[in-house]
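The next block is target-v3.tsv, given as TSV, C-alpha atoms and all ligand atoms.
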```tsv
chain	number	residue	atom	x	y	z
A	1484	MET	CA	-17.03	2.06	-20.98
A	1485	GLU	CA	-16.16	-1.14	-19.15
A	1486	THR	CA	-14.58	-0.61	-15.73
A	1487	LEU	CA	-11.03	-1.89	-15.93
A	1488	ILE	CA	-9.56	-0.13	-12.87
A	1489	ASN	CA	-11.46	0.11	-9.57
A	1490	GLY	CA	-8.94	2.06	-7.48
A	1491	LEU	CA	-6.02	1.04	-5.29
A	1492	HIS	CA	-5.27	-2.63	-4.62
A	1493	HIS	CA	-2.07	-2.64	-2.50
A	1494	VAL	CA	1.12	-0.73	-1.72
A	1495	THR	CA	4.40	-2.64	-1.27
A	1496	THR	CA	7.35	-1.24	0.67
A	1497	LEU	CA	10.89	-2.25	1.62
A	1498	ALA	CA	11.45	-2.49	5.35
A	1499	GLY	CA	14.29	-3.12	7.80
A	1500	ASP	CA	13.69	-5.17	10.93
A	1501	THR	CA	10.82	-7.68	10.72
A	1502	GLN	CA	9.52	-7.55	14.29
A	1503	ARG	CA	9.58	-3.75	14.42
A	1504	ASN	CA	7.55	-3.72	11.22
A	1505	VAL	CA	5.00	-6.17	12.64
A	1506	ASP	CA	4.71	-4.17	15.87
A	1507	TYR	CA	4.24	-0.89	14.04
A	1508	TYR	CA	1.48	-2.00	11.73
A	1509	THR	CA	-0.42	-4.49	13.89
A	1510	ASP	CA	-0.03	-2.83	17.26
A	1511	ILE	CA	0.37	0.92	16.73
A	1512	LEU	CA	-1.75	1.32	13.59
A	1513	GLY	CA	-3.93	-1.70	14.38
A	1514	LEU	CA	-3.97	-3.38	10.96
A	1515	ARG	CA	-4.45	-7.13	10.69
A	1516	LEU	CA	-1.56	-9.32	9.54
A	1517	VAL	CA	-3.53	-11.17	6.85
A	1518	LYS	CA	-0.73	-13.12	5.21
A	1519	LYS	CA	2.70	-14.30	6.21
A	1520	THR	CA	4.52	-15.58	3.16
A	1521	VAL	CA	7.86	-15.06	1.41
A	1522	ASN	CA	9.08	-12.91	-1.45
A	1523	PHE	CA	8.28	-15.21	-4.38
A	1524	ASP	CA	11.46	-14.03	-6.12
A	1525	ALA	CA	13.68	-14.37	-3.01
A	1526	PRO	CA	12.21	-16.82	-0.45
A	1527	ASP	CA	14.75	-15.97	2.27
A	1528	VAL	CA	12.82	-12.72	2.84
A	1529	TYR	CA	9.28	-12.48	4.24
A	1530	HIS	CA	6.42	-10.93	2.37
A	1531	LEU	CA	4.03	-9.60	5.01
A	1532	TYR	CA	0.55	-8.38	4.13
A	1533	TYR	CA	-1.49	-6.12	6.41
A	1534	GLY	CA	-5.07	-5.06	5.84
A	1535	ASN	CA	-8.61	-5.18	7.15
A	1536	GLU	CA	-10.24	-8.39	8.35
A	1537	THR	CA	-10.08	-10.13	4.97
A	1538	GLY	CA	-7.39	-8.03	3.30
A	1539	SER	CA	-9.81	-6.41	0.86
A	1540	PRO	CA	-8.32	-4.66	-2.16
A	1541	GLY	CA	-7.68	-1.03	-1.20
A	1542	THR	CA	-6.66	-1.93	2.36
A	1543	ILE	CA	-3.50	-3.97	1.75
A	1544	LEU	CA	-0.08	-2.66	2.75
A	1545	THR	CA	2.70	-5.19	2.17
A	1546	PHE	CA	6.38	-5.29	3.14
A	1547	PHE	CA	9.60	-7.06	2.30
A	1548	PRO	CA	11.52	-6.76	5.60
A	1549	TYR	CA	15.18	-7.17	4.63
A	1550	GLY	CA	16.65	-6.82	8.13
A	1551	ASN	CA	19.68	-4.58	7.85
A	1552	LEU	CA	18.72	-2.48	4.87
A	1553	PRO	CA	20.01	1.11	4.69
A	1554	ARG	CA	17.28	3.73	4.76
A	1555	GLY	CA	15.95	5.18	1.56
A	1556	ARG	CA	15.31	8.84	0.85
A	1557	LYS	CA	12.02	10.44	-0.13
A	1558	GLY	CA	11.99	12.40	-3.34
A	1559	VAL	CA	10.72	12.65	-6.88
A	1560	GLY	CA	9.95	9.57	-8.90
A	1561	GLN	CA	8.49	7.90	-5.83
A	1562	LEU	CA	5.31	7.22	-3.92
A	1563	THR	CA	6.14	9.34	-0.86
A	1564	TYR	CA	3.05	9.14	1.35
A	1565	THR	CA	0.44	6.44	1.78
A	1566	ALA	CA	-2.66	7.86	3.43
A	1567	PHE	CA	-5.14	5.78	5.42
A	1568	SER	CA	-8.74	6.67	6.11
A	1569	VAL	CA	-10.04	7.05	9.67
A	1570	ALA	CA	-13.21	8.60	11.08
A	1571	VAL	CA	-13.42	12.37	11.64
A	1572	ASN	CA	-14.18	11.89	15.34
A	1573	SER	CA	-11.01	9.83	15.88
A	1574	LEU	CA	-8.61	12.79	15.57
A	1575	ARG	CA	-8.08	13.17	19.32
A	1576	PHE	CA	-7.74	9.40	19.74
A	1577	TRP	CA	-4.97	9.17	17.12
A	1578	MET	CA	-3.10	12.25	18.33
A	1579	ASP	CA	-3.09	10.79	21.85
A	1580	ARG	CA	-2.10	7.32	20.62
A	1581	LEU	CA	0.83	8.55	18.54
A	1582	HIS	CA	1.96	10.81	21.39
A	1583	GLU	CA	1.81	7.90	23.90
A	1584	ARG	CA	3.89	5.74	21.56
A	1585	ASN	CA	6.49	8.51	21.11
A	1586	ILE	CA	5.73	8.86	17.42
A	1587	SER	CA	6.19	12.45	16.39
A	1588	TYR	CA	3.70	13.63	13.85
A	1589	ALA	CA	3.02	16.81	11.92
A	1590	GLY	CA	-0.40	18.38	11.76
A	1591	PRO	CA	-3.30	18.29	11.89
A	1592	TYR	CA	-3.28	20.00	8.49
A	1593	LYS	CA	-6.12	20.48	5.99
A	1594	ARG	CA	-6.19	19.26	2.39
A	1595	PHE	CA	-9.22	19.16	0.12
A	1596	ASP	CA	-11.30	20.08	3.21
A	1597	GLU	CA	-10.15	17.05	5.23
A	1598	SER	CA	-7.82	17.03	8.24
A	1599	TYR	CA	-4.78	14.80	8.24
A	1600	LEU	CA	-1.76	13.86	10.34
A	1601	ARG	CA	1.58	12.99	8.79
A	1602	PHE	CA	4.37	10.82	10.25
A	1603	ASP	CA	6.94	8.19	9.31
A	1604	ASP	CA	7.22	4.57	10.37
A	1605	PHE	CA	10.44	3.27	12.01
A	1606	ASP	CA	12.11	2.91	8.61
A	1607	GLY	CA	10.98	6.29	7.30
A	1608	MET	CA	7.98	5.20	5.26
A	1609	GLY	CA	5.62	8.15	4.87
A	1610	ILE	CA	2.19	7.61	6.45
A	1611	GLU	CA	-0.81	9.89	6.70
A	1612	LEU	CA	-4.10	9.48	8.51
A	1613	VAL	CA	-6.92	11.32	6.76
A	1614	PHE	CA	-9.97	12.11	8.90
A	1615	THR	CA	-13.00	11.63	6.71
A	1616	ASN	CA	-16.60	10.46	6.86
A	1617	ASP	CA	-16.49	9.61	3.16
A	1618	ASP	CA	-15.89	5.89	3.78
A	1619	SER	CA	-18.37	3.09	4.54
A	1620	ARG	CA	-15.73	0.38	5.09
A	1621	THR	CA	-15.32	-1.14	8.56
A	1622	GLY	CA	-11.85	-1.18	10.06
A	1623	TRP	CA	-10.25	-4.14	11.79
A	1624	SER	CA	-10.25	-3.99	15.57
A	1625	ASN	CA	-7.01	-5.37	16.98
A	1626	GLY	CA	-8.59	-5.54	20.43
A	1627	HIS	CA	-7.16	-2.27	21.74
A	1628	ILE	CA	-8.29	0.21	19.09
A	1629	PRO	CA	-12.09	0.70	19.16
A	1630	VAL	CA	-13.53	-0.33	15.82
A	1631	GLU	CA	-15.05	3.12	15.23
A	1632	PHE	CA	-11.55	4.66	15.36
A	1633	ALA	CA	-9.79	1.89	13.42
A	1634	VAL	CA	-8.00	2.35	10.12
A	1635	ARG	CA	-10.48	1.50	7.32
A	1636	GLY	CA	-8.03	1.09	4.48
A	1637	PHE	CA	-6.28	3.43	2.09
A	1638	HIS	CA	-7.43	6.94	1.37
A	1639	THR	CA	-4.86	8.25	-1.14
A	1640	VAL	CA	-1.34	7.66	-2.36
A	1641	THR	CA	0.90	10.61	-3.26
A	1642	LEU	CA	3.24	10.38	-6.24
A	1643	ASN	CA	5.95	13.06	-6.32
A	1644	GLN	CA	6.90	14.04	-9.85
A	1645	GLN	CA	9.28	16.55	-11.35
A	1646	ASN	CA	7.21	16.65	-14.58
A	1647	PRO	CA	3.74	15.33	-13.79
A	1648	ASP	CA	2.23	15.65	-17.28
A	1649	ARG	CA	2.99	12.17	-18.62
A	1650	THR	CA	2.05	10.45	-15.36
A	1651	ILE	CA	-1.25	12.34	-15.46
A	1652	GLN	CA	-1.73	11.30	-19.08
A	1653	LEU	CA	-1.14	7.65	-18.13
A	1654	LEU	CA	-3.63	7.83	-15.25
A	1655	THR	CA	-6.34	9.52	-17.28
A	1656	GLU	CA	-5.91	7.93	-20.70
A	1657	ASN	CA	-4.84	4.39	-19.79
A	1658	LEU	CA	-5.89	3.79	-16.20
A	1659	GLN	CA	-9.40	5.32	-16.13
A	1660	HIS	CA	-8.70	8.02	-13.55
A	1661	THR	CA	-10.41	11.42	-13.61
A	1662	LEU	CA	-9.22	14.70	-12.11
A	1663	VAL	CA	-11.33	15.70	-9.10
A	1664	GLY	CA	-9.32	18.55	-7.59
A	1665	GLU	CA	-6.18	20.65	-7.61
A	1666	GLU	CA	-4.56	22.36	-4.64
A	1667	GLU	CA	-1.03	23.82	-4.40
A	1668	GLY	CA	0.45	21.69	-7.16
A	1669	ARG	CA	-1.36	18.56	-5.97
A	1670	PHE	CA	-3.60	17.00	-8.61
A	1671	ARG	CA	-6.15	14.54	-7.22
A	1672	PHE	CA	-7.53	11.75	-9.38
A	1673	LYS	CA	-10.20	9.21	-8.63
A	1674	ALA	CA	-10.86	5.82	-10.13
A	1675	GLY	CA	-14.07	3.80	-10.17
A	1676	ILE	CA	-16.65	5.02	-7.70
A	1677	GLY	CA	-14.11	7.33	-6.05
A	1678	GLY	CA	-13.98	7.90	-2.31
A	1679	SER	CA	-11.37	6.60	0.13
A	1680	GLY	CA	-9.09	3.98	-1.36
A	1681	ASN	CA	-9.68	5.15	-4.91
A	1682	TYR	CA	-7.59	8.34	-4.98
A	1683	VAL	CA	-4.18	9.07	-6.45
A	1684	ASP	CA	-2.53	12.45	-5.88
A	1685	VAL	CA	0.17	13.56	-8.28
A	1686	LEU	CA	2.28	16.19	-6.55
A	1687	HIS	CA	4.28	18.53	-8.76
A	1688	SER	CA	7.64	18.67	-6.94
A	1689	PRO	CA	10.06	20.54	-9.24
A	1690	ASN	CA	12.58	21.28	-6.49
A	1691	ASP	CA	12.73	17.89	-4.76
A	1692	VAL	CA	15.76	15.63	-4.86
A	1693	ARG	CA	15.51	12.31	-6.62
A	1694	ALA	CA	14.30	9.49	-4.36
A	1695	LEU	CA	16.73	6.77	-3.24
A	1696	GLN	CA	15.41	3.28	-2.69
A	1697	GLY	CA	16.05	1.63	0.69
A	1698	ALA	CA	14.24	0.74	3.89
A	1699	GLY	CA	11.04	2.76	4.14
A	1700	SER	CA	10.77	3.23	0.36
A	1701	VAL	CA	7.65	2.18	-1.47
A	1702	HIS	CA	8.61	-0.42	-4.06
A	1703	HIS	CA	5.40	-0.26	-6.09
A	1704	VAL	CA	1.70	0.56	-6.04
A	1705	ALA	CA	-0.93	-1.81	-7.41
A	1706	PHE	CA	-4.29	-0.90	-8.91
A	1707	SER	CA	-7.29	-3.20	-8.64
A	1708	THR	CA	-8.94	-4.90	-11.59
A	1709	ASN	CA	-11.89	-7.30	-11.47
A	1710	SER	CA	-10.70	-10.33	-13.42
A	1711	ASP	CA	-8.05	-11.97	-15.58
A	1712	GLU	CA	-9.99	-10.73	-18.60
A	1713	THR	CA	-9.94	-7.06	-17.58
A	1714	GLN	CA	-6.26	-7.43	-16.68
A	1715	LEU	CA	-5.44	-8.71	-20.17
A	1716	LEU	CA	-7.36	-5.80	-21.71
A	1717	ILE	CA	-5.31	-3.30	-19.67
A	1718	GLN	CA	-2.10	-5.13	-20.59
A	1719	GLN	CA	-2.98	-4.93	-24.27
A	1720	GLN	CA	-3.93	-1.24	-24.12
A	1721	LEU	CA	-0.78	-0.29	-22.21
A	1722	THR	CA	1.38	-2.20	-24.69
A	1723	GLU	CA	-0.33	-0.40	-27.57
A	1724	SER	CA	0.47	2.92	-25.85
A	1725	GLY	CA	4.17	1.98	-25.76
A	1726	TYR	CA	4.54	0.72	-22.19
A	1727	GLN	CA	6.76	-2.29	-21.46
A	1728	VAL	CA	4.38	-4.51	-19.50
A	1729	THR	CA	5.40	-7.83	-17.92
A	1730	PRO	CA	3.59	-11.09	-18.63
A	1731	VAL	CA	0.95	-12.04	-16.04
A	1732	GLN	CA	2.59	-13.29	-12.80
A	1733	ASP	CA	0.77	-15.63	-10.42
A	1734	ARG	CA	1.06	-14.12	-6.92
A	1735	ASN	CA	-1.17	-16.81	-5.32
A	1736	TYR	CA	-3.59	-14.22	-3.89
A	1737	PHE	CA	-3.94	-12.25	-7.14
A	1738	ASN	CA	-2.47	-12.17	-10.61
A	1739	SER	CA	-0.21	-9.26	-11.48
A	1740	ILE	CA	1.25	-7.28	-14.34
A	1741	TYR	CA	3.90	-4.61	-13.83
A	1742	PHE	CA	5.18	-1.62	-15.76
A	1743	ARG	CA	7.07	1.59	-14.99
A	1744	GLU	CA	5.19	4.88	-15.27
A	1745	PRO	CA	6.94	7.80	-17.02
A	1746	GLY	CA	8.17	9.35	-13.75
A	1747	GLY	CA	9.90	6.12	-12.74
A	1748	ILE	CA	7.46	4.60	-10.23
A	1749	LEU	CA	6.70	0.89	-10.60
A	1750	PHE	CA	2.98	0.33	-11.19
A	1751	GLU	CA	1.16	-3.00	-10.93
A	1752	VAL	CA	-2.34	-4.04	-11.91
A	1753	ALA	CA	-3.60	-6.85	-9.67
A	1754	THR	CA	-6.77	-8.93	-9.90
A	1755	ASN	CA	-9.18	-8.89	-6.95
A	1756	PRO	CA	-9.71	-12.66	-6.98
A	1757	PRO	CA	-8.82	-15.07	-5.52
A	1758	GLY	CA	-7.84	-13.13	-2.35
A	1759	PHE	CA	-6.27	-14.19	0.93
A	1760	THR	CA	-8.71	-16.93	1.92
A	1761	VAL	CA	-7.47	-19.12	-0.92
A	1762	ASP	CA	-5.09	-21.01	1.42
A	1763	GLU	CA	-6.41	-20.40	4.97
A	1764	PRO	CA	-9.80	-19.49	6.52
A	1765	ILE	CA	-10.61	-15.89	7.54
A	1766	SER	CA	-10.23	-16.74	11.24
A	1767	ASP	CA	-6.64	-17.95	10.72
A	1768	LEU	CA	-5.33	-15.35	8.27
A	1769	GLY	CA	-1.69	-14.51	8.89
A	1770	LYS	CA	-1.16	-17.11	11.60
A	1771	SER	CA	1.11	-19.56	9.79
A	1772	LEU	CA	3.76	-19.29	7.11
A	1773	LYS	CA	2.24	-19.85	3.68
A	1774	LEU	CA	4.52	-20.83	0.81
A	1775	PRO	CA	3.76	-21.02	-2.89
A	1776	ALA	CA	3.84	-24.57	-4.26
A	1777	GLN	CA	7.32	-24.18	-5.77
A	1778	TYR	CA	8.88	-23.60	-2.31
A	1779	GLU	CA	6.94	-26.21	-0.25
A	1780	SER	CA	9.75	-28.77	-0.58
A	1781	ARG	CA	12.16	-26.23	0.96
A	1782	ARG	CA	9.84	-25.30	3.86
A	1783	ALA	CA	12.04	-26.62	6.69
A	1784	LYS	CA	15.09	-24.65	5.53
A	1785	ILE	CA	13.08	-21.48	4.79
A	1786	GLU	CA	11.40	-21.61	8.22
A	1787	THR	CA	14.71	-21.93	10.09
A	1788	GLU	CA	16.25	-19.02	8.22
A	1789	LEU	CA	13.38	-16.55	8.67
A	1790	PRO	CA	13.22	-14.58	11.93
A	1791	GLU	CA	10.42	-15.47	14.33
A	1792	ILE	CA	7.42	-13.14	14.44
A	1793	MET	CA	5.53	-12.34	17.64
A	1794	LEU	CA	2.05	-10.80	17.53
A	1795	LYS	CA	1.13	-8.68	20.57
A	1801	ZN	ZN	2.48	-5.94	-5.69
```
Could you spell out this file's structure in structure tokens?
Ligand code: ZN
Amino acid sequence: METLINGLHHVTTLAGDTQRNVDYYTDILGLRLVKKTVNFDAPDVYHLYYGNETGSPGTILTFFPYGNLPRGRKGVGQLTYTAFSVAVNSLRFWMDRLHERNISYAGPYKRFDESYLRFDDFDGMGIELVFTNDDSRTGWSNGHIPVEFAVRGFHTVTLNQQNPDRTIQLLTENLQHTLVGEEEGRFRFKAGIGGSGNYVDVLHSPNDVRALQGAGSVHHVAFSTNSDETQLLIQQQLTESGYQVTPVQDRNYFNSIYFREPGGILFEVATNPPGFTVDEPISDLGKSLKLPAQYESRRAKIETELPEIMLK
């Protein structure tokens, strides 16, 4: 069988204040700001991409910081926790770091034999750090987090579902995921070669409230595919299975298709190429505002209206 889905590509979330978001992800968690652009559908709002040095698929967390957006609420029909992978021997480092920054966390807990910490960002986005040695990726060092303790990219995303069966069917029959474990109503699936960055957990949450979208809510999760050809194959197969899939959208750094899974979460399939070095070199990623061609003529106005961003 041809590999159509490799694992996770990116997670995109709604945020409140821009600078607080930048500080949280670049300073506290130590990710690299790899792209500063705008929401292609609403260019008065930033689209910020954080990841490892190059923004590899499976490391990319992106935000639309809307400023004064009311907080969302976690619940069913939502991606509630995005887990990042860090080294087993960094547990003490991260507990100390979160404590020093006055970020209250829960844990360490154990899940599928790995320890994890759980906390929320300033807007209420659910974050986990999973301590694992099952990851050969190198994290980005922001200069004050030693590279051996740095975040290496995603580990898992958790999808809360009232009735998980049809979501599970979609993952296994259309998106090439296989079940690798089950623990307390949590069904873990892997795609591609598995390991960190290639896991999806479907959590059976029959008693949870319905999620409300707002600041801190994940807007969608994207899965990685190798090429435009594999993307078109997935699009065709999903359409044949009855899903309403969008036409291919050019997102400059990847091409995308979107559809809603049966539990209500927006899914995307994004191509790995061309990636973030398509419009600036690796050394300069994230340093200047990049606009898609259709907004270049409006650059001066867009730049004045967007808040300034300071990197620590
Ligand atoms: Zn996306």
Quick one: residues within 10 Å of Phe1567 of chain A, all atoms listed in the file counted, chain neighbours fewer than 4 positions away excluded, as a PyMOL selection string? chain A and resi 1512+1541-1542+1599+1610-1615+1634-1640+1679-1680
| message | Just want the 10 Å neighbourhood of Asn1646 of chain A, counted on only C-alpha atoms, with same-chain residues fewer than 3 positions away dropped. Output as a ChimeraX atom specification. | response | /A:1559-1560,1643,1649-1651,1685-1689,1745-1746
**Asked** Which polymer residues have any atom within 7 Å of an atom of segment 1750-1764 of chain A, counting all atoms listed in the file, with same-chain residues fewer than 6 positions away left out, as a list in words?
**Response** His1492, Thr1537, Gly1538, Pro1540, His1703, Val1704, Ala1705, Phe1706, Ser1707, Thr1708, Asn1709, Ser1710, Asp1711, Gln1714, Tyr1736, Phe1737, Asn1738, Ser1739, Ile1740, Tyr1741, Phe1742, Arg1743 and Glu1744 of chain A
- Message: Show me the residues close to (-6.8, -7.4, 9.5) - anything with an atom within 7 Å, counting only C-alpha atoms - and format the list as a ChimeraX atom specification.
- Response: /A:1514-1517,1533-1538,1623
Distance in Å - atom CA of Asp1691 of chain A versus atom CA of Phe1595 of chain A:
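Taking atom CA of Asp1691 of chain A and atom CA of Phe1595 of chain A, their separation equals 22.5 Å.
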Check your understanding: With all atoms listed in the file as the basis for distance, which of A:Gln1732, A:Thr1563, A:Thr1641, A:Ser1766 is at the shortest distance from ligand ZN 1801 (chain A)?
Key ->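 With all atoms listed in the file as the atom set, the closest residue is A:Gln1732.
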### Residue contacts of Gly1609 of chain A (8 Å, all atoms listed in the file) excluding same-chain residues fewer than 2 positions away, as JSON, numbers by chain
{"A": [1563, 1564, 1565, 1601, 1602, 1603, 1604, 1607, 1611, 1699]}
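Take the candidates A:Val1701, A:Ser1539, A:Leu1772, A:Tyr1588 and check each one against ligand ZN 1801 (chain A) using all atoms listed in the file; the shortest distance goes to A:Val1701.
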Polymer residues at most 10 Å from Ala1633 of chain A, all atoms listed in the file, same-chain spacing of 2 or more positions, as a short mmCIF file (atom, residue, chain, number, x, y, z; two decimals) with C-alpha atoms, in the coordinates of the input:
```cif
data_model
loop_
_atom_site.label_atom_id
_atom_site.label_comp_id
_atom_site.auth_asym_id
_atom_site.auth_seq_id
_atom_site.Cartn_x
_atom_site.Cartn_y
_atom_site.Cartn_z
CA LEU A 1512 -1.75 1.32 13.59
CA GLY A 1513 -3.93 -1.70 14.38
CA LEU A 1514 -3.97 -3.38 10.96
CA ASN A 1535 -8.61 -5.18 7.15
CA SER A 1568 -8.74 6.67 6.11
CA VAL A 1569 -10.04 7.05 9.67
CA ALA A 1570 -13.21 8.60 11.08
CA SER A 1573 -11.01 9.83 15.88
CA TRP A 1577 -4.97 9.17 17.12
CA THR A 1621 -15.32 -1.14 8.56
CA GLY A 1622 -11.85 -1.18 10.06
CA TRP A 1623 -10.25 -4.14 11.79
CA SER A 1624 -10.25 -3.99 15.57
CA ASN A 1625 -7.01 -5.37 16.98
CA HIS A 1627 -7.16 -2.27 21.74
CA ILE A 1628 -8.29 0.21 19.09
CA PRO A 1629 -12.09 0.70 19.16
CA VAL A 1630 -13.53 -0.33 15.82
CA GLU A 1631 -15.05 3.12 15.23
CA ARG A 1635 -10.48 1.50 7.32
CA GLY A 1636 -8.03 1.09 4.48
#
```
Shortest contact to ligand ZN 1801 (chain A), candidates A:Leu1749, A:Leu1600, A:Met1484, A:Leu1562, atoms counted only C-alpha atoms and all ligand atoms, goes to A:Leu1749
What does segment 1553-1572 of chain A look like written to a file with N, CA and C atoms, as a PDB file, in the first residue's frame?
```
ATOM      1  N   PRO A1553     -12.633  36.290  23.209  1.00  0.00           N
ATOM      2  CA  PRO A1553     -13.028  35.572  24.431  1.00  0.00           C
ATOM      3  C   PRO A1553     -12.479  34.150  24.435  1.00  0.00           C
ATOM      4  N   ARG A1554     -12.210  33.651  25.627  1.00  0.00           N
ATOM      5  CA  ARG A1554     -11.668  32.296  25.761  1.00  0.00           C
ATOM      6  C   ARG A1554     -12.635  31.230  25.284  1.00  0.00           C
ATOM      7  N   GLY A1555     -12.112  30.178  24.748  1.00  0.00           N
ATOM      8  CA  GLY A1555     -12.931  29.021  24.405  1.00  0.00           C
ATOM      9  C   GLY A1555     -13.110  28.111  25.610  1.00  0.00           C
ATOM     10  N   ARG A1556     -13.723  26.971  25.379  1.00  0.00           N
ATOM     11  CA  ARG A1556     -13.920  25.992  26.446  1.00  0.00           C
ATOM     12  C   ARG A1556     -13.572  24.621  25.890  1.00  0.00           C
ATOM     13  N   LYS A1557     -12.789  23.863  26.666  1.00  0.00           N
ATOM     14  CA  LYS A1557     -12.447  22.508  26.214  1.00  0.00           C
ATOM     15  C   LYS A1557     -13.660  21.597  26.338  1.00  0.00           C
ATOM     16  N   GLY A1558     -13.755  20.638  25.432  1.00  0.00           N
ATOM     17  CA  GLY A1558     -14.861  19.701  25.522  1.00  0.00           C
ATOM     18  C   GLY A1558     -14.841  18.718  24.368  1.00  0.00           C
ATOM     19  N   VAL A1559     -15.969  18.060  24.173  1.00  0.00           N
ATOM     20  CA  VAL A1559     -16.017  17.060  23.104  1.00  0.00           C
ATOM     21  C   VAL A1559     -16.142  17.740  21.748  1.00  0.00           C
ATOM     22  N   GLY A1560     -15.706  17.009  20.735  1.00  0.00           N
ATOM     23  CA  GLY A1560     -15.709  17.553  19.379  1.00  0.00           C
ATOM     24  C   GLY A1560     -14.559  18.522  19.191  1.00  0.00           C
ATOM     25  N   GLN A1561     -13.453  18.271  19.887  1.00  0.00           N
ATOM     26  CA  GLN A1561     -12.332  19.197  19.855  1.00  0.00           C
ATOM     27  C   GLN A1561     -11.010  18.471  20.099  1.00  0.00           C
ATOM     28  N   LEU A1562      -9.955  19.043  19.550  1.00  0.00           N
ATOM     29  CA  LEU A1562      -8.604  18.607  19.902  1.00  0.00           C
ATOM     30  C   LEU A1562      -8.268  19.335  21.195  1.00  0.00           C
ATOM     31  N   THR A1563      -8.183  18.600  22.313  1.00  0.00           N
ATOM     32  CA  THR A1563      -8.075  19.266  23.618  1.00  0.00           C
ATOM     33  C   THR A1563      -6.639  19.439  24.107  1.00  0.00           C
ATOM     34  N   TYR A1564      -5.776  18.483  23.771  1.00  0.00           N
ATOM     35  CA  TYR A1564      -4.381  18.581  24.230  1.00  0.00           C
ATOM     36  C   TYR A1564      -3.418  18.257  23.096  1.00  0.00           C
ATOM     37  N   THR A1565      -2.438  19.120  22.945  1.00  0.00           N
ATOM     38  CA  THR A1565      -1.365  18.902  21.986  1.00  0.00           C
ATOM     39  C   THR A1565      -0.129  18.558  22.806  1.00  0.00           C
ATOM     40  N   ALA A1566       0.401  17.367  22.594  1.00  0.00           N
ATOM     41  CA  ALA A1566       1.540  16.913  23.391  1.00  0.00           C
ATOM     42  C   ALA A1566       2.827  17.043  22.587  1.00  0.00           C
ATOM     43  N   PHE A1567       3.856  17.571  23.236  1.00  0.00           N
ATOM     44  CA  PHE A1567       5.186  17.684  22.638  1.00  0.00           C
ATOM     45  C   PHE A1567       6.113  16.653  23.262  1.00  0.00           C
ATOM     46  N   SER A1568       7.108  16.259  22.484  1.00  0.00           N
ATOM     47  CA  SER A1568       8.068  15.267  22.924  1.00  0.00           C
ATOM     48  C   SER A1568       9.333  15.944  23.448  1.00  0.00           C
ATOM     49  N   VAL A1569       9.746  15.507  24.642  1.00  0.00           N
ATOM     50  CA  VAL A1569      11.015  15.963  25.239  1.00  0.00           C
ATOM     51  C   VAL A1569      11.717  14.742  25.832  1.00  0.00           C
ATOM     52  N   ALA A1570      13.012  14.886  26.104  1.00  0.00           N
ATOM     53  CA  ALA A1570      13.802  13.740  26.569  1.00  0.00           C
ATOM     54  C   ALA A1570      13.404  13.333  27.987  1.00  0.00           C
ATOM     55  N   VAL A1571      13.527  12.052  28.287  1.00  0.00           N
ATOM     56  CA  VAL A1571      13.186  11.514  29.609  1.00  0.00           C
ATOM     57  C   VAL A1571      13.960  12.238  30.713  1.00  0.00           C
ATOM     58  N   ASN A1572      15.252  12.526  30.453  1.00  0.00           N
ATOM     59  CA  ASN A1572      16.055  13.145  31.517  1.00  0.00           C
ATOM     60  C   ASN A1572      15.832  14.652  31.652  1.00  0.00           C
TER      61      ASN A1572
END
```
